[in-house]
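J.: Supplied structure: input-v9.pdb, PDB, C-alpha atoms.
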```pdb
ATOM      1  CA  MET Y   1       2.859 -16.178  43.656
ATOM      2  CA  PHE Y   2       3.288 -12.466  42.878
ATOM      3  CA  ASP Y   3       0.420 -11.915  40.500
ATOM      4  CA  GLU Y   4      -1.383  -9.563  42.903
ATOM      5  CA  PRO Y   5      -0.441  -6.225  44.487
ATOM      6  CA  LEU Y   6       1.413  -6.148  47.805
ATOM      7  CA  PHE Y   7       0.275  -3.770  50.543
ATOM      8  CA  PHE Y   8       2.489  -2.396  53.311
ATOM      9  CA  LYS Y   9       1.901  -0.893  56.726
ATOM     10  CA  PRO Y  10       2.588   2.852  56.682
ATOM     11  CA  ILE Y  11       5.651   4.049  58.591
ATOM     12  CA  MET Y  12       4.796   7.161  60.583
ATOM     13  CA  ILE Y  13       7.663   9.645  60.797
ATOM     14  CA  GLU Y  14       7.645  12.310  63.507
ATOM     15  CA  ARG Y  15       8.620  15.822  62.370
ATOM     16  CA  VAL Y  16       8.697  19.068  64.304
ATOM     17  CA  TRP Y  17       6.619  20.664  61.536
ATOM     18  CA  GLY Y  18       4.112  17.782  61.318
ATOM     19  CA  GLY Y  19       0.409  18.425  60.946
ATOM     20  CA  ASN Y  20      -1.186  15.253  62.383
ATOM     21  CA  HIS Y  21      -3.896  15.459  59.704
ATOM     22  CA  ILE Y  22      -3.051  12.196  57.963
ATOM     23  CA  ASP Y  23      -5.408  10.342  60.296
ATOM     24  CA  SER Y  24      -8.467  12.475  59.499
ATOM     25  CA  LEU Y  25      -7.702  12.624  55.772
ATOM     26  CA  HIS Y  26      -6.575   9.070  55.154
ATOM     27  CA  GLY Y  27      -7.562   7.101  58.233
ATOM     28  CA  LYS Y  28      -3.985   6.424  59.310
ATOM     29  CA  ALA Y  29      -3.537   5.946  63.045
ATOM     30  CA  ILE Y  30      -1.349   8.614  64.660
ATOM     31  CA  PRO Y  31       0.790   7.334  67.569
ATOM     32  CA  ALA Y  32      -0.216   8.981  70.835
ATOM     33  CA  GLY Y  33       1.845  12.015  71.763
ATOM     34  CA  LYS Y  34       3.627  12.204  68.403
ATOM     35  CA  ILE Y  35       3.761  14.960  65.797
ATOM     36  CA  ILE Y  36       3.518  13.106  62.504
ATOM     37  CA  GLY Y  37       4.723  14.875  59.389
ATOM     38  CA  GLU Y  38       5.282  11.974  56.998
ATOM     39  CA  SER Y  39       3.791   8.590  56.220
ATOM     40  CA  TRP Y  40       6.284   6.447  54.328
ATOM     41  CA  GLU Y  41       4.229   4.130  52.139
ATOM     42  CA  VAL Y  42       6.893   2.119  50.318
ATOM     43  CA  SER Y  43      10.388   2.224  51.761
ATOM     44  CA  ASP Y  44      13.473   0.091  51.275
ATOM     45  CA  ARG Y  45      15.675   2.130  53.611
ATOM     46  CA  PRO Y  46      17.871   0.496  56.277
ATOM     47  CA  GLU Y  47      16.437   2.862  58.897
ATOM     48  CA  ALA Y  48      12.811   2.374  57.813
ATOM     49  CA  GLN Y  49      11.698  -0.878  56.229
ATOM     50  CA  SER Y  50       8.162  -1.323  54.926
ATOM     51  CA  VAL Y  51       6.383  -4.385  56.317
ATOM     52  CA  VAL Y  52       3.814  -6.368  54.341
ATOM     53  CA  ASP Y  53       0.243  -5.954  55.567
ATOM     54  CA  GLY Y  54      -1.854  -9.050  54.893
ATOM     55  CA  GLY Y  55      -1.633 -11.879  52.399
ATOM     56  CA  GLU Y  56       0.823 -14.764  52.078
ATOM     57  CA  PHE Y  57       3.823 -12.681  53.143
ATOM     58  CA  ASP Y  58       2.231 -10.802  56.013
ATOM     59  CA  GLY Y  59       4.921  -9.472  58.352
ATOM     60  CA  TRP Y  60       7.797  -9.758  55.885
ATOM     61  CA  THR Y  61       9.970  -6.687  55.394
ATOM     62  CA  PHE Y  62      10.369  -5.264  51.925
ATOM     63  CA  ARG Y  63      14.075  -6.116  52.055
ATOM     64  CA  GLN Y  64      13.321  -9.766  52.887
ATOM     65  CA  LEU Y  65      11.026  -9.985  49.885
ATOM     66  CA  LEU Y  66      13.542  -8.383  47.550
ATOM     67  CA  GLU Y  67      16.344 -10.679  48.677
ATOM     68  CA  LYS Y  68      14.207 -13.822  48.375
ATOM     69  CA  PHE Y  69      12.255 -12.971  45.200
ATOM     70  CA  PRO Y  70      14.176 -10.262  43.327
ATOM     71  CA  ARG Y  71      13.136 -11.133  39.776
ATOM     72  CA  GLU Y  72       9.482 -11.790  40.592
ATOM     73  CA  ILE Y  73       9.121  -8.388  42.265
ATOM     74  CA  LEU Y  74      11.652  -6.164  40.510
ATOM     75  CA  GLY Y  75      11.750  -7.687  37.034
ATOM     76  CA  GLU Y  76      14.253  -5.677  34.973
ATOM     77  CA  LEU Y  77      15.385  -3.741  38.054
ATOM     78  CA  THR Y  78      17.259  -6.610  39.722
ATOM     79  CA  HIS Y  79      20.586  -4.805  39.193
ATOM     80  CA  THR Y  80      19.617  -2.147  41.750
ATOM     81  CA  LYS Y  81      21.015  -2.377  45.279
ATOM     82  CA  ARG Y  82      17.672  -1.339  46.732
ATOM     83  CA  PHE Y  83      14.225  -0.435  45.440
ATOM     84  CA  PRO Y  84      14.772   2.795  43.462
ATOM     85  CA  LEU Y  85      11.839   4.791  44.854
ATOM     86  CA  LEU Y  86      10.705   6.112  48.230
ATOM     87  CA  VAL Y  87       6.987   6.945  48.248
ATOM     88  CA  LYS Y  88       5.321   8.947  51.001
ATOM     89  CA  TYR Y  89       2.731  11.481  52.123
ATOM     90  CA  VAL Y  90       3.940  14.757  53.628
ATOM     91  CA  ASP Y  91       1.669  16.679  56.016
ATOM     92  CA  ALA Y  92       2.865  20.211  56.766
ATOM     93  CA  GLY Y  93       1.398  21.622  59.976
ATOM     94  CA  ALA Y  94       4.046  24.345  59.725
ATOM     95  CA  ASP Y  95       6.384  25.547  56.988
ATOM     96  CA  LEU Y  96       9.118  23.054  56.154
ATOM     97  CA  SER Y  97      12.706  24.247  56.070
ATOM     98  CA  VAL Y  98      14.022  25.902  52.927
ATOM     99  CA  GLN Y  99      16.184  23.150  51.496
ATOM    100  CA  VAL Y 100      17.822  21.549  48.494
ATOM    101  CA  HIS Y 101      18.880  18.032  47.534
ATOM    102  CA  PRO Y 102      22.052  16.993  45.691
ATOM    103  CA  ASP Y 103      22.165  14.999  42.460
ATOM    104  CA  ASP Y 104      23.716  11.536  42.267
ATOM    105  CA  ASP Y 105      27.263  12.870  41.976
ATOM    106  CA  GLY Y 106      26.802  15.252  44.880
ATOM    107  CA  ALA Y 107      25.270  12.556  47.094
ATOM    108  CA  THR Y 108      28.203  10.154  46.874
ATOM    109  CA  ILE Y 109      29.891  11.793  49.878
ATOM    110  CA  TYR Y 110      26.801  10.841  51.910
ATOM    111  CA  ASN Y 111      26.883   7.251  50.632
ATOM    112  CA  ASP Y 112      23.419   7.753  49.194
ATOM    113  CA  LEU Y 113      21.623   8.546  45.953
ATOM    114  CA  GLY Y 114      20.674  11.974  44.725
ATOM    115  CA  LYS Y 115      17.116  13.083  45.318
ATOM    116  CA  THR Y 116      14.945  13.798  42.312
ATOM    117  CA  GLU Y 117      11.357  14.130  43.508
ATOM    118  CA  CYS Y 118       7.873  15.347  42.718
ATOM    119  CA  TRP Y 119       4.716  16.275  44.590
ATOM    120  CA  VAL Y 120       1.034  15.930  43.820
ATOM    121  CA  VAL Y 121      -1.049  18.234  46.008
ATOM    122  CA  ILE Y 122      -3.693  16.333  48.007
ATOM    123  CA  LYS Y 123      -4.930  19.106  50.288
ATOM    124  CA  ALA Y 124      -4.293  22.849  50.262
ATOM    125  CA  ALA Y 125      -5.514  25.203  52.973
ATOM    126  CA  PRO Y 126      -6.423  28.710  51.763
ATOM    127  CA  GLY Y 127      -3.304  30.806  51.293
ATOM    128  CA  SER Y 128      -0.889  27.857  51.499
ATOM    129  CA  GLN Y 129       2.325  28.399  49.557
ATOM    130  CA  ILE Y 130       5.119  26.385  48.022
ATOM    131  CA  VAL Y 131       8.681  27.573  47.540
ATOM    132  CA  ARG Y 132      10.074  26.376  44.229
ATOM    133  CA  GLY Y 133      13.290  27.979  43.133
ATOM    134  CA  LEU Y 134      14.677  31.467  43.557
ATOM    135  CA  GLU Y 135      13.682  34.809  42.138
ATOM    136  CA  PRO Y 136      14.867  34.973  38.495
ATOM    137  CA  GLY Y 137      18.428  36.184  38.100
ATOM    138  CA  THR Y 138      19.533  35.400  41.649
ATOM    139  CA  THR Y 139      23.255  34.637  41.675
ATOM    140  CA  ARG Y 140      25.197  32.375  44.006
ATOM    141  CA  GLU Y 141      26.898  35.405  45.544
ATOM    142  CA  GLU Y 142      23.602  37.225  46.136
ATOM    143  CA  PHE Y 143      22.014  34.203  47.706
ATOM    144  CA  ALA Y 144      25.005  33.484  49.941
ATOM    145  CA  LYS Y 145      24.895  37.098  51.134
ATOM    146  CA  ALA Y 146      21.164  36.848  51.860
ATOM    147  CA  VAL Y 147      21.728  33.663  53.867
ATOM    148  CA  ALA Y 148      24.464  35.334  55.915
ATOM    149  CA  GLU Y 149      22.213  38.331  56.572
ATOM    150  CA  ASN Y 150      19.127  36.248  57.416
ATOM    151  CA  ARG Y 151      17.262  37.551  54.341
ATOM    152  CA  VAL Y 152      16.687  34.225  52.583
ATOM    153  CA  GLU Y 153      12.929  34.679  52.224
ATOM    154  CA  GLU Y 154      13.428  37.818  50.125
ATOM    155  CA  LEU Y 155      14.955  35.767  47.290
ATOM    156  CA  LEU Y 156      12.608  32.768  47.302
ATOM    157  CA  HIS Y 157      10.029  32.194  44.586
ATOM    158  CA  TYR Y 158       6.573  31.442  46.046
ATOM    159  CA  PHE Y 159       3.317  30.324  44.477
ATOM    160  CA  GLN Y 160      -0.066  29.107  45.755
ATOM    161  CA  PRO Y 161      -0.829  25.553  44.612
ATOM    162  CA  GLN Y 162      -4.201  23.944  43.996
ATOM    163  CA  VAL Y 163      -5.350  20.408  44.779
ATOM    164  CA  GLY Y 164      -4.200  18.138  41.968
ATOM    165  CA  ASP Y 165      -1.201  20.262  40.988
ATOM    166  CA  VAL Y 166       1.933  18.365  39.964
ATOM    167  CA  ILE Y 167       5.247  19.913  41.047
ATOM    168  CA  ALA Y 168       8.532  18.559  39.669
ATOM    169  CA  LEU Y 169      11.648  19.082  41.792
ATOM    170  CA  PRO Y 170      14.945  18.197  40.140
ATOM    171  CA  PRO Y 171      17.988  18.044  42.415
ATOM    172  CA  GLY Y 172      19.524  21.443  42.927
ATOM    173  CA  MET Y 173      16.110  23.145  43.114
ATOM    174  CA  VAL Y 174      15.568  25.179  46.293
ATOM    175  CA  HIS Y 175      12.151  24.318  47.709
ATOM    176  CA  ALA Y 176       9.857  24.113  50.740
ATOM    177  CA  ILE Y 177       6.339  22.893  51.454
ATOM    178  CA  GLY Y 178       4.242  25.528  53.185
ATOM    179  CA  LYS Y 179       1.931  25.236  56.172
ATOM    180  CA  GLY Y 180      -1.459  23.711  55.423
ATOM    181  CA  LEU Y 181      -0.407  21.448  52.545
ATOM    182  CA  ILE Y 182      -0.544  17.685  52.233
ATOM    183  CA  VAL Y 183       1.237  16.183  49.241
ATOM    184  CA  ALA Y 184       1.914  12.761  47.814
ATOM    185  CA  GLU Y 185       5.649  12.509  47.174
ATOM    186  CA  VAL Y 186       7.498  10.212  44.799
ATOM    187  CA  GLN Y 187      11.299  10.423  44.928
ATOM    188  CA  GLN Y 188      14.534   8.605  44.406
ATOM    189  CA  ASN Y 189      15.334   6.337  47.316
ATOM    190  CA  SER Y 190      17.416   8.929  49.126
ATOM    191  CA  ASP Y 191      17.257  10.766  52.425
ATOM    192  CA  VAL Y 192      19.837  13.515  51.877
ATOM    193  CA  THR Y 193      18.418  16.948  52.728
ATOM    194  CA  LEU Y 194      20.535  20.103  52.909
ATOM    195  CA  ARG Y 195      18.802  22.781  54.998
ATOM    196  CA  ILE Y 196      19.430  26.398  54.095
ATOM    197  CA  TYR Y 197      17.012  28.216  56.386
ATOM    198  CA  ASP Y 198      14.710  26.955  59.149
ATOM    199  CA  TYR Y 199      13.122  30.040  60.764
ATOM    200  CA  ASN Y 200      15.455  29.652  63.789
ATOM    201  CA  ARG Y 201      13.372  26.639  64.758
ATOM    202  CA  LYS Y 202      14.273  24.049  67.358
ATOM    203  CA  GLY Y 203      13.947  20.335  66.679
ATOM    204  CA  LEU Y 204      11.955  17.749  68.592
ATOM    205  CA  ASP Y 205      14.931  17.470  70.956
ATOM    206  CA  GLY Y 206      14.763  21.190  71.796
ATOM    207  CA  ILE Y 207      18.047  21.916  70.009
ATOM    208  CA  PRO Y 208      18.183  24.259  66.981
ATOM    209  CA  ARG Y 209      18.139  22.174  63.826
ATOM    210  CA  LYS Y 210      21.395  21.907  61.904
ATOM    211  CA  LEU Y 211      21.818  23.919  58.728
ATOM    212  CA  HIS Y 212      23.992  22.875  55.773
ATOM    213  CA  VAL Y 213      24.616  26.213  54.066
ATOM    214  CA  THR Y 214      28.023  25.482  52.526
ATOM    215  CA  GLU Y 215      26.904  22.128  51.166
ATOM    216  CA  ALA Y 216      23.625  23.595  49.907
ATOM    217  CA  LEU Y 217      25.339  26.414  48.024
ATOM    218  CA  SER Y 218      27.386  23.791  46.204
ATOM    219  CA  ALA Y 219      24.280  21.746  45.333
ATOM    220  CA  ILE Y 220      22.001  24.558  44.102
ATOM    221  CA  ARG Y 221      21.673  24.898  40.339
ATOM    222  CA  PHE Y 222      21.300  28.649  39.956
ATOM    223  CA  ASN Y 223      20.925  28.801  36.174
ATOM    224  CA  ASP Y 224      19.987  25.342  34.927
ATOM    225  CA  PRO Y 225      17.206  23.100  36.336
ATOM    226  CA  GLY Y 226      18.824  20.006  34.804
ATOM    227  CA  ASP Y 227      17.484  17.207  32.650
ATOM    228  CA  GLU Y 228      16.054  14.786  35.223
ATOM    229  CA  PHE Y 229      12.516  15.514  33.960
ATOM    230  CA  GLU Y 230      11.245  16.228  30.486
ATOM    231  CA  GLY Y 231       9.419  19.509  29.906
ATOM    232  CA  ASP Y 232       9.904  23.093  31.023
ATOM    233  CA  MET Y 233      11.284  22.953  34.550
ATOM    234  CA  HIS Y 234      11.089  26.727  34.895
ATOM    235  CA  ARG Y 235       7.308  26.431  35.334
ATOM    236  CA  ASP Y 236       5.830  26.107  38.841
ATOM    237  CA  THR Y 237       3.620  23.168  37.923
ATOM    238  CA  VAL Y 238       3.559  20.489  35.245
ATOM    239  CA  SER Y 239       0.581  20.238  32.894
ATOM    240  CA  PRO Y 240      -0.626  16.638  32.503
ATOM    241  CA  SER Y 241      -0.461  15.290  28.956
ATOM    242  CA  ASP Y 242      -1.508  12.268  26.923
ATOM    243  CA  LEU Y 243      -4.970  11.892  28.450
ATOM    244  CA  PHE Y 244      -6.592   8.798  27.049
ATOM    245  CA  CYS Y 245      -9.230   6.270  27.984
ATOM    246  CA  ALA Y 246      -8.752   2.551  28.378
ATOM    247  CA  VAL Y 247     -11.240  -0.150  29.367
ATOM    248  CA  ASP Y 248     -14.542   0.686  31.057
ATOM    249  CA  GLY Y 249     -13.952   4.440  31.244
ATOM    250  CA  LEU Y 250     -10.599   4.174  32.999
ATOM    251  CA  GLN Y 251      -8.675   7.370  32.174
ATOM    252  CA  TYR Y 252      -4.883   7.702  32.119
ATOM    253  CA  GLU Y 253      -2.854  10.894  32.281
ATOM    254  CA  THR Y 254       0.898  11.254  31.896
ATOM    255  CA  LEU Y 255       2.017  13.558  34.706
ATOM    256  CA  LEU Y 256       5.798  13.321  34.481
ATOM    257  CA  THR Y 257       8.407  11.584  32.378
ATOM    258  CA  GLY Y 258      11.847  11.459  33.909
ATOM    259  CA  LYS Y 259      15.270   9.926  34.128
ATOM    260  CA  TYR Y 260      14.522   8.004  37.325
ATOM    261  CA  PHE Y 261      10.779   7.462  37.205
ATOM    262  CA  ASP Y 262       7.615   8.210  35.269
ATOM    263  CA  LEU Y 263       4.366   9.220  36.933
ATOM    264  CA  HIS Y 264       0.839   8.639  35.664
ATOM    265  CA  ARG Y 265      -2.588   9.248  37.138
ATOM    266  CA  PHE Y 266      -5.565   7.062  36.400
ATOM    267  CA  THR Y 267      -9.147   7.741  37.356
ATOM    268  CA  LEU Y 268     -12.049   5.320  37.489
ATOM    269  CA  PRO Y 269     -15.329   7.274  37.437
ATOM    270  CA  ALA Y 270     -18.185   5.274  38.943
ATOM    271  CA  ASP Y 271     -20.756   6.396  36.391
ATOM    272  CA  LYS Y 272     -18.707   5.101  33.455
ATOM    273  CA  VAL Y 273     -18.074   1.599  34.722
ATOM    274  CA  GLN Y 274     -19.987  -1.182  33.033
ATOM    275  CA  GLY Y 275     -20.847  -4.020  35.361
ATOM    276  CA  ASP Y 276     -19.486  -4.660  38.821
ATOM    277  CA  ASN Y 277     -15.759  -4.723  38.106
ATOM    278  CA  THR Y 278     -13.140  -3.234  35.834
ATOM    279  CA  ILE Y 279     -10.322  -5.588  34.884
ATOM    280  CA  VAL Y 280      -7.095  -3.743  34.238
ATOM    281  CA  THR Y 281      -4.395  -5.696  32.460
ATOM    282  CA  CYS Y 282      -0.935  -4.483  33.435
ATOM    283  CA  ALA Y 283       0.015  -4.513  29.747
ATOM    284  CA  ASP Y 284      -2.559  -1.714  29.322
ATOM    285  CA  PHE Y 285      -0.578   0.626  31.560
ATOM    286  CA  PRO Y 286       1.206   3.444  29.698
ATOM    287  CA  ASN Y 287       4.794   2.619  28.704
ATOM    288  CA  ARG Y 288       4.535  -0.722  30.482
ATOM    289  CA  THR Y 289       7.860  -2.410  31.083
ATOM    290  CA  HIS Y 290       8.678  -5.520  33.066
ATOM    291  CA  VAL Y 291       9.314  -3.735  36.362
ATOM    292  CA  ALA Y 292       7.621  -3.213  39.713
ATOM    293  CA  ARG Y 293       5.326  -0.210  40.054
ATOM    294  CA  VAL Y 294       3.838   1.711  42.961
ATOM    295  CA  ALA Y 295       0.146   2.627  43.014
ATOM    296  CA  MET Y 296      -1.058   5.311  45.456
ATOM    297  CA  VAL Y 297      -4.813   5.660  45.952
ATOM    298  CA  ILE Y 298      -5.121   9.424  46.450
ATOM    299  CA  ASP Y 299      -8.886   9.867  46.196
ATOM    300  CA  GLY Y 300     -12.042   7.819  46.515
ATOM    301  CA  SER Y 301     -12.379   4.184  47.487
ATOM    302  CA  GLY Y 302     -13.122   0.787  46.020
ATOM    303  CA  MET Y 303     -11.546  -2.628  45.671
ATOM    304  CA  ILE Y 304      -8.303  -3.801  44.128
ATOM    305  CA  ASN Y 305      -8.657  -7.533  43.609
ATOM    306  CA  ASP Y 306     -10.198  -8.685  46.905
ATOM    307  CA  ARG Y 307      -8.671  -5.899  48.963
ATOM    308  CA  PRO Y 308     -10.804  -2.897  49.974
ATOM    309  CA  VAL Y 309      -8.842   0.285  49.320
ATOM    310  CA  ARG Y 310      -9.404   3.946  50.079
ATOM    311  CA  ALA Y 311      -7.581   7.227  49.739
ATOM    312  CA  GLY Y 312      -4.216   6.988  51.490
ATOM    313  CA  MET Y 313      -3.546   3.317  50.732
ATOM    314  CA  THR Y 314      -0.578   2.291  48.598
ATOM    315  CA  ALA Y 315       0.246  -0.929  46.774
ATOM    316  CA  LEU Y 316       3.353  -2.345  45.145
ATOM    317  CA  ILE Y 317       2.554  -4.048  41.839
ATOM    318  CA  PRO Y 318       5.184  -6.758  41.278
ATOM    319  CA  ALA Y 319       6.769  -7.139  37.855
ATOM    320  CA  THR Y 320       5.030 -10.492  37.369
ATOM    321  CA  ALA Y 321       1.512  -9.143  38.056
ATOM    322  CA  LYS Y 322      -0.830  -9.560  35.096
ATOM    323  CA  ASP Y 323      -4.356  -8.486  35.968
ATOM    324  CA  ILE Y 324      -5.702  -6.108  38.574
ATOM    325  CA  VAL Y 325      -9.418  -6.201  39.265
ATOM    326  CA  ALA Y 326     -10.622  -2.770  40.383
ATOM    327  CA  SER Y 327     -14.221  -2.503  41.542
ATOM    328  CA  SER Y 328     -16.259   0.485  40.421
ATOM    329  CA  GLY Y 329     -14.939   3.803  41.725
ATOM    330  CA  PRO Y 330     -14.827   6.689  41.827
ATOM    331  CA  MET Y 331     -11.142   6.283  42.577
ATOM    332  CA  THR Y 332      -7.981   8.157  41.588
ATOM    333  CA  VAL Y 333      -4.583   6.451  41.657
ATOM    334  CA  LEU Y 334      -1.032   7.647  41.042
ATOM    335  CA  LEU Y 335       1.143   5.094  39.281
ATOM    336  CA  ALA Y 336       4.921   5.508  39.655
ATOM    337  CA  THR Y 337       7.252   3.511  37.419
ATOM    338  CA  PRO Y 338      10.938   3.403  38.410
ATOM    339  CA  LYS Y 339      13.670   3.201  35.800
TER     340      LYS Y 339
END
```
Will you turn the file into structure tokens for me?

T.:
Amino acid sequence: MFDEPLFFKPIMIERVWGGNHIDSLHGKAIPAGKIIGESWEVSDRPEAQSVVDGGEFDGWTFRQLLEKFPREILGELTHTKRFPLLVKYVDAGADLSVQVHPDDDGATIYNDLGKTECWVVIKAAPGSQIVRGLEPGTTREEFAKAVAENRVEELLHYFQPQVGDVIALPPGMVHAIGKGLIVAEVQQNSDVTLRIYDYNRKGLDGIPRKLHVTEALSAIRFNDPGDEFEGDMHRDTVSPSDLFCAVDGLQYETLLTGKYFDLHRFTLPADKVQGDNTIVTCADFPNRTHVARVAMVIDGSGMINDRPVRAGMTALIPATAKDIVASSGPMTVLLATPK
């Protein structure tokens, strides 16, 4: 019953900073008159439920599936109250607010999880910047003073990303996506954002957006990036590791290994495929465990089983899935494994 991937309809989220480029890049329909900043690909949130697109369970919500078939879909994750990950695309037509997310302990007052997340850069306009952390040595007192004096930008650490860059963001890390960037985002299933600075911007309702300075100052980790991800979290980007080849030229890279999820990237080059199809056995996936996984097609096009796929499409691979037939690429896919 659940031996093939499930596809969901994207949930378009309007944001005041939205870029409305997701349609031209990924062929996703933008609702008329809306400013779309995010496309939620796999979501088990009460306020935004993914809906199955096609197949035997067409029209079912993700929550309905999980309640009816928890073990078939989740496998070893059946103890979770909801699917552990929220997967999306973020399209920044303007700079996002300077913000921070709490860890699990800090998020309990919001009745939510902490927010450990990562980005993979899909598109980067010339000169686009990312804020990741503060200038080295910045203290809580110095930062609080800068916030009070409207000098936040003086203490932010900026860098210019490239397409394909992997950016790890543990909770407590001050960050912001800059204008002209589109990223694929994998995160804990949380929606707690603490805004520190928002350029005196008004929201879609015409009212200045709320800031959460006191809460943010408590959540920021000024000296320690934490242990949510392996590797050196002081670096702007993460260097992929463990590149290896599997069947028919399919290449795997380990992008991130973490407490809440692992992230891999696999690429199917068209000129290395033998025959019409590549059969990928789920047991071949790196660090395969009996859990659901999320696959984001971020580049190229092809077929997964009998379903045509292209950049911007996302699939949930149930725990019971065995084989995935991927037609010849080229195609690049992110594979997120929750823990």

J.: Tell me which of Y:Val52, Y:Val213, Y:Ala146, Y:Val16 sits closest to Ala315 (chain Y), counting all atoms listed in the file.

T.: Y:Val52

J.: Write out as a list in words the residues lying within 8 Å of Val174 (chain Y), counting only C-alpha atoms and excluding same-chain residues fewer than 6 positions away.

T.: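 So, after excluding close chain neighbours, the residues are Val98, Gln99, Val100, His101, Val131, Arg132, Gly133, Leu134 and Ile220 of chain Y.
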
J.: Apply the PyMOL selection byres ((chain Y and resi 106) around 12) to the file shown and report the selected residues as a list in words.

T.: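 Matching residues under the PyMOL selection byres ((chain Y and resi 106) around 12) are Val100, His101, Pro102, Asp103, Asp104, Asp105, Ala107, Thr108, Ile109, Tyr110, Asn111, Asp112, Leu113, Gly114, Lys115, Pro171, Gly172, Val192, Thr193, Leu194, Glu215, Ala216, Leu217, Ser218, Ala219, Ile220 and Arg221 of chain Y.
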
J.: Could you tell me how far CA of Phe266 (chain Y) lies from CA of Ile22 (chain Y), in Å and to one decimal?

T.: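 Here the two named atoms are 22.3 Å from each other.
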
J.: Between CA of Asn189 (chain Y) and CA of Met331 (chain Y), what is the distance in Å, rounded to a tenth?

T.: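 Here the two named atoms are 26.9 Å from each other.
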